[in-house]
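Accompanying notes for the structure given below.
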Amino acid sequence: MFNTYTDTYTIKTNEMQGRLSAWLAKHKLAHRPLGSDYQGIETLQIKSEDRASVAVALYVYGFNYLRSQCAYDVAPGGSLASVYHITNIQDNADQPEEVCIKVFVPRKNPRIPSVFWIWKSADFQERESYDMLGILYESHPRLKRILMPESWIGWPLRKDYITPNFYEIQDAY
């Protein structure tokens, strides 16, 4: 179904291709259109290794605001997903343009290039995704746990995470 990116898409994919997807295809940037959500926001899938080049292209295109970044576990034992909601905010625009970018990574080696150097607001959001799901954001300047203690073992939001039977109270007084 989706093993490699190519210049030719199936008819169904072409129907799902939005304006931004067409622009990325024109500039030969690897991606896969996933259609639009219920609000009409275009959703694109990007491979982890293409994330940095597509992020720079989106910034140059005018997407100057990272509204949110989150991550989720697709299925127990399956892949992990990192999701970016990026907005093109212009002073003279009536409606800001938005795009949703999804990056799926394997559970065994979940590595994605950090977008901290493009959008500074990714700092704490990528750290939270690392802390809860174990996704490593390469070249992030301060990638460490933000919610759990540094000594915590495991990734609490993974669907195959086994909750410990006890919790040690640390620094409670």
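Identifiers in the structure tokens: chain A, B, ... in order shown; residue index from 1 per chain; ligand index from 1 in order shown.
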
Determine, for each residue of region 16-69 of chain A having at least one atom at most 7 Å from an atom of region 96-101 of chain A, the closest pair of atoms and their separation in Å to one decimal, counting only C-alpha atoms; order by chain and ascending number, as a tab-separated table.
residue	atom	partner	partner_atom	distance
A:Ile41	CA	A:Val99	CA	5.7
A:Glu42	CA	A:Val99	CA	5.2
A:Thr43	CA	A:Cys100	CA	4.6
A:Leu44	CA	A:Ile101	CA	5.0
A:Gln45	CA	A:Ile101	CA	5.9
A:Ile46	CA	A:Ile101	CA	6.9

For region 17-98 of chain A against region 125-141 of chain A, with a cut-off of 10 Å and counting only C-alpha atoms, what is the closest atom pair and its distance in Å to one decimal for every residue that makes the cut, ordered by chain and number, as a tab-separated table?
residue	atom	partner	partner_atom	distance
A:Ser68	CA	A:Gln125	CA	7.4
A:Gln69	CA	A:Gln125	CA	5.7
A:Cys70	CA	A:Ser129	CA	6.3
A:Ala71	CA	A:Ser129	CA	5.7
A:Tyr72	CA	A:Leu133	CA	7.3
A:Asp73	CA	A:Leu133	CA	7.5
A:Leu80	CA	A:Ile135	CA	7.8
A:Ala81	CA	A:Ile135	CA	8.8
A:Ser82	CA	A:Ser129	CA	7.9
A:Val83	CA	A:Ser129	CA	10.0
A:Tyr84	CA	A:Gln125	CA	9.9

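Closest to Lys159 (chain A) among A:Pro106, A:Pro113, A:Gly77, A:Gly62 is A:Gly77, based on only C-alpha atoms.
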
Could you pull out the alpha helix (DSSP H) residues of region 38-83 of chain A, going by DSSP on the backbone, and write them as a ChimeraX atom specification? /A:51-61

Work out how far apart CA of Ile86 (chain A) and CA of Phe116 (chain A) are and give it in Å to one decimal.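 Taking CA of Ile86 (chain A) as the start and CA of Phe116 (chain A) as the end point, the length is 13.1 Å.
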
For Asn64 (chain A), which residue out of A:Tyr161, A:Trp119, A:Phe104, A:Tyr38 is the nearest one, using only C-alpha atoms?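 Counting only C-alpha atoms, the residue closest to Asn64 (chain A) is A:Trp119.
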
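Of note, CA of Ala30 (chain A) and CA of Leu66 (chain A) are spaced 20.4 Å apart.
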
Which residue gives the smallest distance to Asp160 (chain A) among A:Ser21, A:Gln90, A:Val74, A:Tyr59, with only C-alpha atoms counted?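 The answer is A:Val74, which sits nearest to Asp160 (chain A).
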
Strand (DSSP E or B) positions in region 71-135 of chain A, given as an NGL selection string: :A and (71-73 or 80-88 or 97-105 or 111-113)

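Here the question is which of A:His31, A:Arg67, A:His85, A:Arg19 gets nearest to Glu49 (chain A) using only C-alpha atoms, and that residue is A:His31.
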
So that I can check the surroundings of Tyr61 (chain A), please list as a list in words every protein, DNA and RNA residue that reaches within 10 Å of it, counting only C-alpha atoms and ignoring chain neighbours fewer than 3 positions away. Leu20, Trp23, Leu24, Ala55, Val56, Ala57, Leu58, Asn64 and Asn88 of chain A
